[in-house]
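Shown next: run-v9.pdb, given as PDB, C-alpha atoms.
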ATOM      1  CA  MET A   1      -4.870  15.271  -4.129
ATOM      2  CA  THR A   2      -6.900  14.172  -7.094
ATOM      3  CA  GLU A   3     -10.518  13.466  -6.150
ATOM      4  CA  GLN A   4     -11.451  11.634  -9.334
ATOM      5  CA  GLY A   5      -8.849   9.376 -10.791
ATOM      6  CA  THR A   6      -8.677   7.419 -13.976
ATOM      7  CA  ASN A   7      -6.100   4.997 -12.540
ATOM      8  CA  ALA A   8      -3.924   4.671  -9.449
ATOM      9  CA  HIS A   9      -1.296   6.967 -10.971
ATOM     10  CA  SER A  10      -3.811   9.828 -10.766
ATOM     11  CA  PHE A  11      -3.436  10.010  -6.979
ATOM     12  CA  THR A  12      -0.946  11.666  -4.693
ATOM     13  CA  PHE A  13      -0.096  11.096  -1.043
ATOM     14  CA  VAL A  14       2.088  12.989   1.382
ATOM     15  CA  ALA A  15       5.218  10.960   2.164
ATOM     16  CA  ILE A  16       5.838   9.885   5.754
ATOM     17  CA  ASP A  17       8.797  12.313   5.861
ATOM     18  CA  GLY A  18       6.763  15.105   4.267
ATOM     19  CA  GLY A  19       6.807  16.137   0.644
ATOM     20  CA  VAL A  20       4.731  14.893  -2.229
ATOM     21  CA  LEU A  21       4.450  11.199  -3.097
ATOM     22  CA  PRO A  22       2.668  10.974  -6.463
ATOM     23  CA  LEU A  23       1.789   7.424  -7.488
ATOM     24  CA  GLU A  24       2.559   8.564 -11.046
ATOM     25  CA  ARG A  25       6.187   8.115 -10.010
ATOM     26  CA  PHE A  26       5.632   4.341 -10.131
ATOM     27  CA  ARG A  27       4.232   4.185 -13.674
ATOM     28  CA  GLY A  28       5.821   1.460 -15.755
ATOM     29  CA  GLY A  29       5.893  -1.321 -13.170
ATOM     30  CA  PRO A  30       3.583  -3.077 -10.762
ATOM     31  CA  LEU A  31       2.570  -1.216  -7.631
ATOM     32  CA  LEU A  32       1.520  -2.881  -4.373
ATOM     33  CA  VAL A  33      -0.327  -0.536  -1.991
ATOM     34  CA  VAL A  34      -0.928  -1.799   1.548
ATOM     35  CA  ASN A  35      -2.654  -0.112   4.481
ATOM     36  CA  THR A  36      -0.477  -0.809   7.510
ATOM     37  CA  ALA A  37      -0.506  -0.573  11.300
ATOM     38  CA  SER A  38       2.226  -0.981  13.901
ATOM     39  CA  GLU A  39       0.201  -2.654  16.664
ATOM     40  CA  CYS A  40      -1.667  -5.307  14.666
ATOM     41  CA  GLY A  41      -1.399  -9.083  14.647
ATOM     42  CA  TYR A  42      -0.533  -8.711  10.952
ATOM     43  CA  THR A  43       2.305  -6.237  11.598
ATOM     44  CA  PRO A  44       4.936  -8.959  10.931
ATOM     45  CA  GLN A  45       3.800  -8.750   7.286
ATOM     46  CA  TYR A  46       6.204  -5.807   7.036
ATOM     47  CA  THR A  47       8.905  -8.491   6.727
ATOM     48  CA  GLY A  48       7.253  -9.976   3.635
ATOM     49  CA  LEU A  49       6.571  -6.575   2.098
ATOM     50  CA  GLN A  50      10.209  -5.547   2.563
ATOM     51  CA  ALA A  51      11.371  -8.871   1.094
ATOM     52  CA  LEU A  52       9.188  -8.387  -2.015
ATOM     53  CA  TRP A  53      10.468  -4.827  -2.410
ATOM     54  CA  ALA A  54      14.099  -5.899  -2.031
ATOM     55  CA  ARG A  55      13.732  -8.837  -4.417
ATOM     56  CA  TYR A  56      11.759  -7.152  -7.209
ATOM     57  CA  ARG A  57      12.351  -3.388  -7.119
ATOM     58  CA  ASP A  58      15.091  -3.632  -9.741
ATOM     59  CA  ARG A  59      12.501  -5.214 -12.055
ATOM     60  CA  GLY A  60      10.032  -2.387 -11.504
ATOM     61  CA  LEU A  61       8.014  -3.320  -8.405
ATOM     62  CA  ALA A  62       7.016  -0.510  -6.085
ATOM     63  CA  VAL A  63       5.591  -1.133  -2.617
ATOM     64  CA  VAL A  64       3.852   1.710  -0.814
ATOM     65  CA  GLY A  65       2.797   1.427   2.823
ATOM     66  CA  VAL A  66      -0.160   3.534   3.940
ATOM     67  CA  PRO A  67      -0.301   3.710   7.750
ATOM     68  CA  SER A  68      -3.861   3.889   9.021
ATOM     69  CA  ASN A  69      -5.505   4.000  12.437
ATOM     70  CA  ASP A  70      -8.918   2.970  11.037
ATOM     71  CA  PHE A  71      -8.972  -0.557  12.420
ATOM     72  CA  GLY A  72      -8.706  -1.193  16.138
ATOM     73  CA  LYS A  73      -6.793   2.068  16.667
ATOM     74  CA  GLN A  74      -3.661   0.012  15.943
ATOM     75  CA  GLU A  75      -1.618   2.872  14.448
ATOM     76  CA  PRO A  76      -1.774   5.515  17.195
ATOM     77  CA  GLY A  77       1.687   7.016  16.652
ATOM     78  CA  GLU A  78       2.758  10.046  14.704
ATOM     79  CA  GLU A  79       4.718   9.765  11.464
ATOM     80  CA  ALA A  80       8.190   9.878  13.052
ATOM     81  CA  THR A  81       7.235   7.103  15.481
ATOM     82  CA  ILE A  82       5.752   4.975  12.686
ATOM     83  CA  ARG A  83       8.795   5.471  10.442
ATOM     84  CA  ASP A  84      11.243   4.662  13.243
ATOM     85  CA  PHE A  85       9.287   1.546  14.236
ATOM     86  CA  CYS A  86       9.155   0.240  10.660
ATOM     87  CA  THR A  87      12.815   0.980   9.993
ATOM     88  CA  THR A  88      14.143  -0.368  13.287
ATOM     89  CA  ARG A  89      11.928  -3.448  13.685
ATOM     90  CA  PHE A  90      11.542  -4.519  10.049
ATOM     91  CA  GLY A  91      14.217  -2.715   8.025
ATOM     92  CA  VAL A  92      11.542  -1.057   5.898
ATOM     93  CA  ASP A  93      12.930   1.216   3.220
ATOM     94  CA  PHE A  94      10.043   1.146   0.729
ATOM     95  CA  PRO A  95       8.017   4.358   0.405
ATOM     96  CA  MET A  96       5.446   5.081   3.085
ATOM     97  CA  THR A  97       2.822   7.771   3.338
ATOM     98  CA  GLN A  98       1.649   9.877   6.192
ATOM     99  CA  LYS A  99      -1.144   8.274   8.219
ATOM    100  CA  GLN A 100      -4.387   8.129   6.217
ATOM    101  CA  ARG A 101      -8.018   7.157   6.527
ATOM    102  CA  VAL A 102      -8.675   4.201   4.191
ATOM    103  CA  ILE A 103     -12.399   3.649   4.770
ATOM    104  CA  GLY A 104     -15.488   5.832   4.843
ATOM    105  CA  PRO A 105     -16.233   9.266   3.437
ATOM    106  CA  ASP A 106     -12.993  10.743   4.820
ATOM    107  CA  ALA A 107     -10.810   8.054   3.231
ATOM    108  CA  HIS A 108      -7.923   9.091   1.025
ATOM    109  CA  PRO A 109      -9.197   9.650  -2.548
ATOM    110  CA  LEU A 110      -7.386   6.527  -3.834
ATOM    111  CA  TYR A 111      -9.342   4.362  -1.419
ATOM    112  CA  ARG A 112     -12.652   6.100  -2.240
ATOM    113  CA  TRP A 113     -11.920   5.605  -5.959
ATOM    114  CA  LEU A 114     -11.201   1.910  -5.411
ATOM    115  CA  ALA A 115     -14.416   1.437  -3.424
ATOM    116  CA  ASP A 116     -16.406   3.272  -6.126
ATOM    117  CA  MET A 117     -14.781   1.327  -8.943
ATOM    118  CA  LEU A 118     -14.529  -2.150  -7.393
ATOM    119  CA  GLY A 119     -17.422  -1.988  -4.939
ATOM    120  CA  GLU A 120     -17.545  -1.642  -1.176
ATOM    121  CA  ASP A 121     -16.651  -5.327  -0.770
ATOM    122  CA  ALA A 122     -13.207  -4.466  -2.171
ATOM    123  CA  ALA A 123     -12.562  -1.856   0.537
ATOM    124  CA  PRO A 124     -10.136  -2.785   3.326
ATOM    125  CA  ARG A 125     -11.742  -4.662   6.197
ATOM    126  CA  TRP A 126      -8.609  -4.566   8.375
ATOM    127  CA  ASN A 127      -4.937  -3.600   8.382
ATOM    128  CA  PHE A 128      -2.619  -4.995   5.679
ATOM    129  CA  HIS A 129      -5.194  -5.169   2.882
ATOM    130  CA  LYS A 130      -3.268  -5.332  -0.384
ATOM    131  CA  TYR A 131      -3.994  -3.795  -3.806
ATOM    132  CA  LEU A 132      -1.849  -4.627  -6.818
ATOM    133  CA  PHE A 133      -1.847  -2.289  -9.818
ATOM    134  CA  ASP A 134      -0.332  -2.943 -13.239
ATOM    135  CA  ALA A 135       2.174  -0.699 -15.035
ATOM    136  CA  THR A 136      -0.615   1.625 -16.209
ATOM    137  CA  GLY A 137      -2.189   1.957 -12.750
ATOM    138  CA  GLU A 138      -5.130  -0.365 -13.364
ATOM    139  CA  PRO A 139      -6.129  -2.708 -10.524
ATOM    140  CA  ALA A 140      -4.633  -6.159 -11.077
ATOM    141  CA  GLY A 141      -5.526  -7.886  -7.809
ATOM    142  CA  LEU A 142      -6.505  -7.438  -4.200
ATOM    143  CA  TRP A 143      -6.024  -9.570  -1.142
ATOM    144  CA  PRO A 144      -7.343  -9.345   2.407
ATOM    145  CA  SER A 145      -5.186  -8.985   5.493
ATOM    146  CA  SER A 146      -5.032 -12.719   6.119
ATOM    147  CA  VAL A 147      -3.102 -13.306   2.867
ATOM    148  CA  PRO A 148       0.600 -12.656   3.520
ATOM    149  CA  PRO A 149       2.642 -10.681   0.967
ATOM    150  CA  GLU A 150       4.708 -13.743   0.038
ATOM    151  CA  ASP A 151       1.595 -15.825  -0.737
ATOM    152  CA  PRO A 152       1.994 -17.589  -4.107
ATOM    153  CA  ALA A 153      -1.146 -15.896  -5.493
ATOM    154  CA  ILE A 154       0.320 -12.436  -4.850
ATOM    155  CA  VAL A 155       3.799 -13.343  -6.056
ATOM    156  CA  GLU A 156       2.453 -14.956  -9.235
ATOM    157  CA  ALA A 157       0.200 -11.986 -10.045
ATOM    158  CA  MET A 158       3.029  -9.555  -9.362
ATOM    159  CA  GLU A 159       5.652 -11.510 -11.316
ATOM    160  CA  SER A 160       3.356 -11.565 -14.356
ATOM    161  CA  LEU A 161       3.553  -7.751 -14.355
ATOM    162  CA  LEU A 162       7.296  -7.321 -13.825
ATOM    163  CA  ARG A 163       9.783  -6.166 -16.416
ATOM    164  CA  SER A 164      12.157  -8.888 -17.606
TER     165      SER A 164
END

Can I see the file as structure tokens?
Amino acid sequence: MTEQGTNAHSFTFVAIDGGVLPLERFRGGPLLVVNTASECGYTPQYTGLQALWARYRDRGLAVVGVPSNDFGKQEPGEEATIRDFCTTRFGVDFPMTQKQRVIGPDAHPLYRWLADMLGEDAAPRWNFHKYLFDATGEPAGLWPSSVPPEDPAIVEAMESLLRS
């Protein structure tokens, strides 16, 4: 994993099913990265994330879910349990990573880079914090957990970055 990135595409995760998940793979279209949890009041946001992915993936949108147990211990399961829950309950088929830390010194390098670049106030404060990146991997927006994926502000920002 890249410790120092120049943009979001500089970072790599491990996919929920194993294997490498480089964010470079999503260059050329907008990328929405969301830290997720299966036992959170915001967990129904998986429905909105899946809907965005289904509606816009053919125009270049990528959605990546990053399961994390950092907030309220609301993602206690292992990867297979998380994957099965997301697939069965919400029909999720967008890429997901293995469980990650998203805050503090042990956070995944992408999240440390974002906090360094955007300031600690931009770090996730709870599950389902959303970061939008443009086609070159530059941050293009961020929204707290309370803003659902289908919120007009997110959709408008994302649509402005989509391929025609």

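Between CA of Glu39 in chain A and CA of Gly72 in chain A the interatomic distance comes to 9.0 Å.
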
Shortest interatomic distance to Thr43 in chain A - which of A:Arg59, A:His108, A:Arg25, A:Arg89, counting only C-alpha atoms: A:Arg89

Let me make sure I understand: among A:Trp143, A:Ala122, A:Asp17, A:Asp58, which one has the smallest atom-to-atom distance to Arg163 in chain A if we use all atoms listed in the file?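 Among A:Trp143, A:Ala122, A:Asp17, A:Asp58, it is A:Asp58 that comes nearest to Arg163 in chain A.
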
Mind pulling up the distance from CA of Lys130 in chain A to CA of Pro44 in chain A? 14.4 Å

So which residues touch Val147 in chain A within 10 Å, counting only C-alpha atoms, skipping near sequence neighbours fewer than 5 positions away, as a PyMOL selection string? chain A and resi 42+45+128-130+142+152-154

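Atom pair CA of Glu138 in chain A / CA of Thr6 in chain A: separated by 8.6 Å.
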
Sorted by chain and rising residue number, list the residues of range 15-68 of chain A at most 10 Å from range 90-94 of chain A (counting all atoms listed in the file), each with its closest atom pair and distance in Å to one decimal, as JSON lines.
{"residue": "A:Thr43", "atom": "CA", "partner": "A:Phe90", "partner_atom": "CA", "distance": 9.5}
{"residue": "A:Pro44", "atom": "CA", "partner": "A:Phe90", "partner_atom": "CA", "distance": 8.0}
{"residue": "A:Gln45", "atom": "CA", "partner": "A:Phe90", "partner_atom": "CA", "distance": 9.2}
{"residue": "A:Tyr46", "atom": "CA", "partner": "A:Phe90", "partner_atom": "CA", "distance": 6.3}
{"residue": "A:Thr47", "atom": "CA", "partner": "A:Phe90", "partner_atom": "CA", "distance": 5.8}
{"residue": "A:Gly48", "atom": "CA", "partner": "A:Phe90", "partner_atom": "CA", "distance": 9.5}
{"residue": "A:Leu49", "atom": "CA", "partner": "A:Val92", "partner_atom": "CA", "distance": 8.3}
{"residue": "A:Gln50", "atom": "CA", "partner": "A:Val92", "partner_atom": "CA", "distance": 5.7}
{"residue": "A:Ala51", "atom": "CA", "partner": "A:Val92", "partner_atom": "CA", "distance": 9.2}
{"residue": "A:Leu52", "atom": "CA", "partner": "A:Phe94", "partner_atom": "CA", "distance": 10.0}
{"residue": "A:Trp53", "atom": "CA", "partner": "A:Phe94", "partner_atom": "CA", "distance": 6.8}
{"residue": "A:Ala54", "atom": "CA", "partner": "A:Phe94", "partner_atom": "CA", "distance": 8.6}
{"residue": "A:Arg57", "atom": "CA", "partner": "A:Phe94", "partner_atom": "CA", "distance": 9.4}
{"residue": "A:Ala62", "atom": "CA", "partner": "A:Phe94", "partner_atom": "CA", "distance": 7.6}
{"residue": "A:Val63", "atom": "CA", "partner": "A:Phe94", "partner_atom": "CA", "distance": 6.0}
{"residue": "A:Val64", "atom": "CA", "partner": "A:Phe94", "partner_atom": "CA", "distance": 6.4}
{"residue": "A:Gly65", "atom": "CA", "partner": "A:Phe94", "partner_atom": "CA", "distance": 7.5}

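Nearest to Gln98 in chain A of all the residues A:Ala37, A:Ala115, A:Leu161, A:Leu132 is A:Ala37, based on all atoms listed in the file.
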
Restricting the calculation to all atoms listed in the file, which member of A:Met96, A:Leu31, A:Cys40, A:Ala15 is positioned closest to Leu162 in chain A?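 Among the listed residues, A:Leu31 lies closest to Leu162 in chain A.
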
Could you write out as number ranges by chain the residues that the PyMOL selection byres ((chain A and resi 18) around 12) matches in the shown file? A: 13-17, 19-21, 79-80, 83, 95-99

Could you name the residues that touch Arg27 in chain A at 10 Å or less, counting only C-alpha atoms, but leaving out those on the same chain fewer than 3 positions away, as an MDAnalysis selection string? chainID A and resid 8:9 23:24 30:31 60:62 133:137

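Once the PyMOL selection byres ((chain A and resi 104) around 12) is applied to the shown structure, the selection contains Asp70, Phe71, Gln100, Arg101, Val102, Ile103, Pro105, Asp106, Ala107, His108, Pro109, Leu110, Tyr111, Arg112, Trp113, Leu114, Ala115, Asp116, Glu120, Ala123, Pro124 and Arg125 of chain A.
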
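Nearest to Gly5 in chain A of all the residues A:Asp84, A:Met117, A:Gln74, A:Asn69 is A:Met117, counting all atoms listed in the file.
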
Go through A:Trp126, A:Asp121, A:Thr88, A:Val34 one by one, measure the shortest atom-to-atom distance of each to Pro149 in chain A using all atoms listed in the file, and give the residue with the smallest value.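 Checking each candidate against Pro149 in chain A, we get A:Val34 as the closest.
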
Let me have the centre and edge lengths in Å, one decimal, of the box along x, y and z around every listed atom of range 122-126 of chain A with 4 Å of margin on each side, as JSON.
{"center_x": -10.9, "center_y": -3.3, "center_z": 3.1, "size_x": 12.6, "size_y": 10.8, "size_z": 18.5}

From the coordinates supplied, range 94-137 of chain A should be written with N, CA and C atoms, as a PDB file, in the first residue's frame.
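Final file, part.pdb:
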ATOM      1  N   PHE A  94     -21.143  -3.622  -5.882  1.00  0.00           N
ATOM      2  CA  PHE A  94     -20.016  -2.725  -6.120  1.00  0.00           C
ATOM      3  C   PHE A  94     -18.813  -3.235  -5.334  1.00  0.00           C
ATOM      4  N   PRO A  95     -17.606  -2.837  -5.722  1.00  0.00           N
ATOM      5  CA  PRO A  95     -16.411  -3.324  -5.038  1.00  0.00           C
ATOM      6  C   PRO A  95     -16.386  -2.939  -3.561  1.00  0.00           C
ATOM      7  N   MET A  96     -15.924  -3.875  -2.757  1.00  0.00           N
ATOM      8  CA  MET A  96     -15.727  -3.630  -1.329  1.00  0.00           C
ATOM      9  C   MET A  96     -14.345  -4.120  -0.934  1.00  0.00           C
ATOM     10  N   THR A  97     -13.816  -3.495   0.092  1.00  0.00           N
ATOM     11  CA  THR A  97     -12.490  -3.852   0.582  1.00  0.00           C
ATOM     12  C   THR A  97     -12.603  -4.752   1.805  1.00  0.00           C
ATOM     13  N   GLN A  98     -11.474  -5.285   2.200  1.00  0.00           N
ATOM     14  CA  GLN A  98     -11.432  -5.929   3.502  1.00  0.00           C
ATOM     15  C   GLN A  98     -11.613  -4.851   4.569  1.00  0.00           C
ATOM     16  N   LYS A  99     -11.984  -5.265   5.764  1.00  0.00           N
ATOM     17  CA  LYS A  99     -12.220  -4.338   6.867  1.00  0.00           C
ATOM     18  C   LYS A  99     -10.957  -3.527   7.132  1.00  0.00           C
ATOM     19  N   GLN A 100     -11.148  -2.212   7.328  1.00  0.00           N
ATOM     20  CA  GLN A 100     -10.027  -1.281   7.490  1.00  0.00           C
ATOM     21  C   GLN A 100     -10.257  -0.342   8.667  1.00  0.00           C
ATOM     22  N   ARG A 101      -9.169   0.160   9.204  1.00  0.00           N
ATOM     23  CA  ARG A 101      -9.238   1.314  10.111  1.00  0.00           C
ATOM     24  C   ARG A 101      -9.338   2.542   9.210  1.00  0.00           C
ATOM     25  N   VAL A 102     -10.172   3.524   9.596  1.00  0.00           N
ATOM     26  CA  VAL A 102     -10.328   4.732   8.786  1.00  0.00           C
ATOM     27  C   VAL A 102      -9.993   5.997   9.574  1.00  0.00           C
ATOM     28  N   ILE A 103      -9.680   5.843  10.852  1.00  0.00           N
ATOM     29  CA  ILE A 103      -9.271   6.984  11.671  1.00  0.00           C
ATOM     30  C   ILE A 103      -8.033   6.616  12.479  1.00  0.00           C
ATOM     31  N   GLY A 104      -7.295   7.645  12.884  1.00  0.00           N
ATOM     32  CA  GLY A 104      -6.147   7.443  13.753  1.00  0.00           C
ATOM     33  C   GLY A 104      -4.885   7.039  13.019  1.00  0.00           C
ATOM     34  N   PRO A 105      -3.821   6.812  13.782  1.00  0.00           N
ATOM     35  CA  PRO A 105      -2.524   6.511  13.178  1.00  0.00           C
ATOM     36  C   PRO A 105      -2.467   5.174  12.446  1.00  0.00           C
ATOM     37  N   ASP A 106      -3.382   4.260  12.759  1.00  0.00           N
ATOM     38  CA  ASP A 106      -3.415   2.959  12.089  1.00  0.00           C
ATOM     39  C   ASP A 106      -4.405   2.920  10.930  1.00  0.00           C
ATOM     40  N   ALA A 107      -4.952   4.074  10.569  1.00  0.00           N
ATOM     41  CA  ALA A 107      -5.910   4.136   9.461  1.00  0.00           C
ATOM     42  C   ALA A 107      -5.236   3.738   8.154  1.00  0.00           C
ATOM     43  N   HIS A 108      -6.044   3.238   7.240  1.00  0.00           N
ATOM     44  CA  HIS A 108      -5.540   2.930   5.899  1.00  0.00           C
ATOM     45  C   HIS A 108      -4.858   4.182   5.342  1.00  0.00           C
ATOM     46  N   PRO A 109      -3.794   4.037   4.574  1.00  0.00           N
ATOM     47  CA  PRO A 109      -3.071   5.201   4.042  1.00  0.00           C
ATOM     48  C   PRO A 109      -3.939   6.207   3.283  1.00  0.00           C
ATOM     49  N   LEU A 110      -4.975   5.756   2.572  1.00  0.00           N
ATOM     50  CA  LEU A 110      -5.859   6.708   1.888  1.00  0.00           C
ATOM     51  C   LEU A 110      -6.493   7.654   2.901  1.00  0.00           C
ATOM     52  N   TYR A 111      -6.963   7.117   3.988  1.00  0.00           N
ATOM     53  CA  TYR A 111      -7.634   7.945   4.996  1.00  0.00           C
ATOM     54  C   TYR A 111      -6.645   8.855   5.724  1.00  0.00           C
ATOM     55  N   ARG A 112      -5.428   8.391   5.948  1.00  0.00           N
ATOM     56  CA  ARG A 112      -4.399   9.273   6.550  1.00  0.00           C
ATOM     57  C   ARG A 112      -4.046  10.395   5.583  1.00  0.00           C
ATOM     58  N   TRP A 113      -3.930  10.066   4.291  1.00  0.00           N
ATOM     59  CA  TRP A 113      -3.632  11.074   3.267  1.00  0.00           C
ATOM     60  C   TRP A 113      -4.734  12.131   3.221  1.00  0.00           C
ATOM     61  N   LEU A 114      -5.981  11.685   3.239  1.00  0.00           N
ATOM     62  CA  LEU A 114      -7.103  12.629   3.212  1.00  0.00           C
ATOM     63  C   LEU A 114      -7.086  13.543   4.429  1.00  0.00           C
ATOM     64  N   ALA A 115      -6.842  12.980   5.610  1.00  0.00           N
ATOM     65  CA  ALA A 115      -6.787  13.799   6.823  1.00  0.00           C
ATOM     66  C   ALA A 115      -5.627  14.791   6.758  1.00  0.00           C
ATOM     67  N   ASP A 116      -4.479  14.351   6.236  1.00  0.00           N
ATOM     68  CA  ASP A 116      -3.329  15.259   6.092  1.00  0.00           C
ATOM     69  C   ASP A 116      -3.639  16.366   5.091  1.00  0.00           C
ATOM     70  N   MET A 117      -4.256  16.000   3.975  1.00  0.00           N
ATOM     71  CA  MET A 117      -4.484  16.951   2.904  1.00  0.00           C
ATOM     72  C   MET A 117      -5.659  17.893   3.195  1.00  0.00           C
ATOM     73  N   LEU A 118      -6.744  17.346   3.724  1.00  0.00           N
ATOM     74  CA  LEU A 118      -7.970  18.128   3.911  1.00  0.00           C
ATOM     75  C   LEU A 118      -8.174  18.613   5.337  1.00  0.00           C
ATOM     76  N   GLY A 119      -7.359  18.101   6.257  1.00  0.00           N
ATOM     77  CA  GLY A 119      -7.490  18.475   7.662  1.00  0.00           C
ATOM     78  C   GLY A 119      -8.282  17.430   8.440  1.00  0.00           C
ATOM     79  N   GLU A 120      -8.020  17.366   9.717  1.00  0.00           N
ATOM     80  CA  GLU A 120      -8.674  16.379  10.578  1.00  0.00           C
ATOM     81  C   GLU A 120     -10.191  16.510  10.574  1.00  0.00           C
ATOM     82  N   ASP A 121     -10.708  17.717  10.344  1.00  0.00           N
ATOM     83  CA  ASP A 121     -12.161  17.898  10.302  1.00  0.00           C
ATOM     84  C   ASP A 121     -12.799  17.155   9.135  1.00  0.00           C
ATOM     85  N   ALA A 122     -12.000  16.781   8.141  1.00  0.00           N
ATOM     86  CA  ALA A 122     -12.513  16.050   6.981  1.00  0.00           C
ATOM     87  C   ALA A 122     -12.495  14.537   7.205  1.00  0.00           C
ATOM     88  N   ALA A 123     -11.895  14.096   8.303  1.00  0.00           N
ATOM     89  CA  ALA A 123     -11.840  12.658   8.595  1.00  0.00           C
ATOM     90  C   ALA A 123     -13.234  12.159   8.968  1.00  0.00           C
ATOM     91  N   PRO A 124     -13.511  10.887   8.719  1.00  0.00           N
ATOM     92  CA  PRO A 124     -14.819  10.336   9.103  1.00  0.00           C
ATOM     93  C   PRO A 124     -15.064  10.513  10.597  1.00  0.00           C
ATOM     94  N   ARG A 125     -16.296  10.841  10.927  1.00  0.00           N
ATOM     95  CA  ARG A 125     -16.713  10.951  12.326  1.00  0.00           C
ATOM     96  C   ARG A 125     -17.630   9.789  12.708  1.00  0.00           C
ATOM     97  N   TRP A 126     -18.082   9.043  11.687  1.00  0.00           N
ATOM     98  CA  TRP A 126     -18.965   7.897  11.909  1.00  0.00           C
ATOM     99  C   TRP A 126     -18.990   7.070  10.633  1.00  0.00           C
ATOM    100  N   ASN A 127     -19.733   5.991  10.661  1.00  0.00           N
ATOM    101  CA  ASN A 127     -19.905   5.118   9.499  1.00  0.00           C
ATOM    102  C   ASN A 127     -20.642   5.852   8.379  1.00  0.00           C
ATOM    103  N   PHE A 128     -20.354   5.480   7.150  1.00  0.00           N
ATOM    104  CA  PHE A 128     -20.993   6.000   5.940  1.00  0.00           C
ATOM    105  C   PHE A 128     -20.629   7.460   5.645  1.00  0.00           C
ATOM    106  N   HIS A 129     -19.371   7.807   5.955  1.00  0.00           N
ATOM    107  CA  HIS A 129     -18.812   9.091   5.525  1.00  0.00           C
ATOM    108  C   HIS A 129     -18.402   8.903   4.063  1.00  0.00           C
ATOM    109  N   LYS A 130     -18.709   9.892   3.242  1.00  0.00           N
ATOM    110  CA  LYS A 130     -18.519   9.743   1.797  1.00  0.00           C
ATOM    111  C   LYS A 130     -17.489  10.723   1.252  1.00  0.00           C
ATOM    112  N   TYR A 131     -16.569  10.193   0.421  1.00  0.00           N
ATOM    113  CA  TYR A 131     -15.591  11.009  -0.307  1.00  0.00           C
ATOM    114  C   TYR A 131     -15.816  10.788  -1.791  1.00  0.00           C
ATOM    115  N   LEU A 132     -15.919  11.886  -2.529  1.00  0.00           N
ATOM    116  CA  LEU A 132     -16.030  11.810  -3.986  1.00  0.00           C
ATOM    117  C   LEU A 132     -14.730  12.318  -4.591  1.00  0.00           C
ATOM    118  N   PHE A 133     -14.196  11.560  -5.544  1.00  0.00           N
ATOM    119  CA  PHE A 133     -12.977  11.933  -6.251  1.00  0.00           C
ATOM    120  C   PHE A 133     -13.317  12.099  -7.728  1.00  0.00           C
ATOM    121  N   ASP A 134     -12.601  13.011  -8.394  1.00  0.00           N
ATOM    122  CA  ASP A 134     -12.819  13.211  -9.825  1.00  0.00           C
ATOM    123  C   ASP A 134     -12.053  12.158 -10.624  1.00  0.00           C
ATOM    124  N   ALA A 135     -12.086  12.274 -11.938  1.00  0.00           N
ATOM    125  CA  ALA A 135     -11.485  11.277 -12.828  1.00  0.00           C
ATOM    126  C   ALA A 135      -9.982  11.139 -12.657  1.00  0.00           C
ATOM    127  N   THR A 136      -9.335  12.164 -12.105  1.00  0.00           N
ATOM    128  CA  THR A 136      -7.885  12.120 -11.883  1.00  0.00           C
ATOM    129  C   THR A 136      -7.526  11.741 -10.450  1.00  0.00           C
ATOM    130  N   GLY A 137      -8.539  11.464  -9.617  1.00  0.00           N
ATOM    131  CA  GLY A 137      -8.286  11.054  -8.242  1.00  0.00           C
ATOM    132  C   GLY A 137      -8.189  12.194  -7.248  1.00  0.00           C
TER     133      GLY A 137
END
